[in-house]
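Student: Mind having a look at this structure? Questions to follow.
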Amino acid sequence: MKRIAIFICCTIISIAFSACAQNNMLQEGLALKYLVREPRTHAGKPPVAILMHGYGSNEADLFELAQFFPDDFLVISVRAPYPQGPTGFQWFEKDRSKQKYTPIKAQVEDSRDLLLKFIPQVVSWHHADAANIYVMGFSQGAIMSYEVGLTSPATIKGIGILSGGLPTGLEKEIKPSPTLSRLRIFIAHGTADNILSYQDGKDGYDQLVKLGLKPELHTYTGMAHTITSQVVADLVKWLKS
């Protein structure tokens with residue numbers, strides 16, 4: 001999906017784009033390329049929100065959301081490692097031999113390893129709070145949020161899953177631990193999603209509950225494979241809680 005749809009009034013979006021303009025230079029030198037919104041208030045080391053785009057998009061897409069995040073957050077919007085089209089990227093390719101949306105496992109693992117290398121680099125480079133790292137994403141980015149958060153919960157405080165599903169077989173890699181039980185999990189999914197069905201999102205939620213975790217599921221009646229202003233509002237409220 002090339003572009004998320006964010007249904008927020010034009011005036012607010014205009015302000016957001018204006019504010020983002022000073023920070024929209026692509027950052028290089030770490031394990032992955034990214035855009036950054038520095039904290040707008042400073043009181044010690046900032047918490048971090050790492051945003052991961054969906055299939056065929058790029059780091060500029062979810063960066064539109066940065067201005068709606070809490071002022072004290074360092075917001076990082078990261079580019080996936082695999083090219084997809086002239087300006088798009090992907091975290092992994094889909095396994096075409098299977099009907100169900102199944103990622104190519106080797107590419108998922110490579111992307112996960114890059115993210116786990118990237119996160120401490122961000123913390124060090126931006127002098128951020130290593131104990132307050134949130135990873136969140138849309139579609140493929142949501143799948144990668146599951147991968148990173150559930151397999152390395154000691155590194156992550158919380159994950160935000162926007163229109164994504166739990167990767168097949170990932171539950172077998174999850175190792176119960178005190179850090180895993182404390183992992184904060186936000187799940188948002190629309191009932192009219194025709195790319196990754198609402199049932200995919202609900203199945204992931206149910207699996208996590210069976211594992212003894214306490215995910216927070218937000219259902220959006222009639223919402224397709226997209227992000228709405230209500231999703232953003234609920235996500236930010238969750239971050240602040």
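Each chain in the structure tokens gets a letter, A, B and so on, in the order shown; residues start at 1 in every chain, and ligands are counted from 1 in the order they appear.
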Can you tell me, as a PyMOL selection string, which residues in segment 47-125 of chain A count as alpha helix (DSSP H) by DSSP?
Tutor: chain A and resi 59-63+105-125
Student: Tell me which protein, DNA and RNA residues are within 12 Å of Lys45 of chain A, counting only C-alpha atoms, leaving out same-chain ones fewer than 4 positions away, and put them as a ChimeraX atom specification.
Tutor: /A:38-39,41,72-74,123-133
Student: Select from segment 185-237 of chain A every residue with an atom at most 9 Å from any atom of segment 66-71 of chain A, then for each give the shortest pair of atoms and their distance in Å to one decimal, using only C-alpha atoms, rows by chain and rising number, as JSON lines.
Tutor:
```
{"residue": "A:Val232", "atom": "CA", "partner": "A:Phe68", "partner_atom": "CA", "distance": 7.7}
{"residue": "A:Ala233", "atom": "CA", "partner": "A:Phe68", "partner_atom": "CA", "distance": 8.2}
{"residue": "A:Leu235", "atom": "CA", "partner": "A:Phe69", "partner_atom": "CA", "distance": 9.0}
{"residue": "A:Val236", "atom": "CA", "partner": "A:Phe69", "partner_atom": "CA", "distance": 6.1}
```
Student: Go ahead and write the selection's residues with C-alpha atoms as a short mmCIF file (atom, residue, chain, number, x, y, z; two decimals), in the first residue's frame.
Tutor:
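So again-v2.cif came out as:
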```
data_model
loop_
_atom_site.label_atom_id
_atom_site.label_comp_id
_atom_site.auth_asym_id
_atom_site.auth_seq_id
_atom_site.Cartn_x
_atom_site.Cartn_y
_atom_site.Cartn_z
CA VAL A 232 -4.12 8.12 15.96
CA ALA A 233 -6.00 9.61 18.91
CA LEU A 235 -2.73 5.35 19.98
CA VAL A 236 -1.49 8.62 21.48
#
```
Student: Which one is closest to Leu32 of chain A: A:Asp61, A:Trp91, A:Lys105, A:Leu114? Count only C-alpha atoms.
Tutor: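 Going through A:Asp61, A:Trp91, A:Lys105, A:Leu114 one by one, the smallest distance to Leu32 of chain A is for A:Leu114.
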Student: Have a look at atom CA of Thr155 of chain A and atom CA of Asp110 of chain A and let me know their distance in Å, one decimal.
Tutor: 17.4 Å
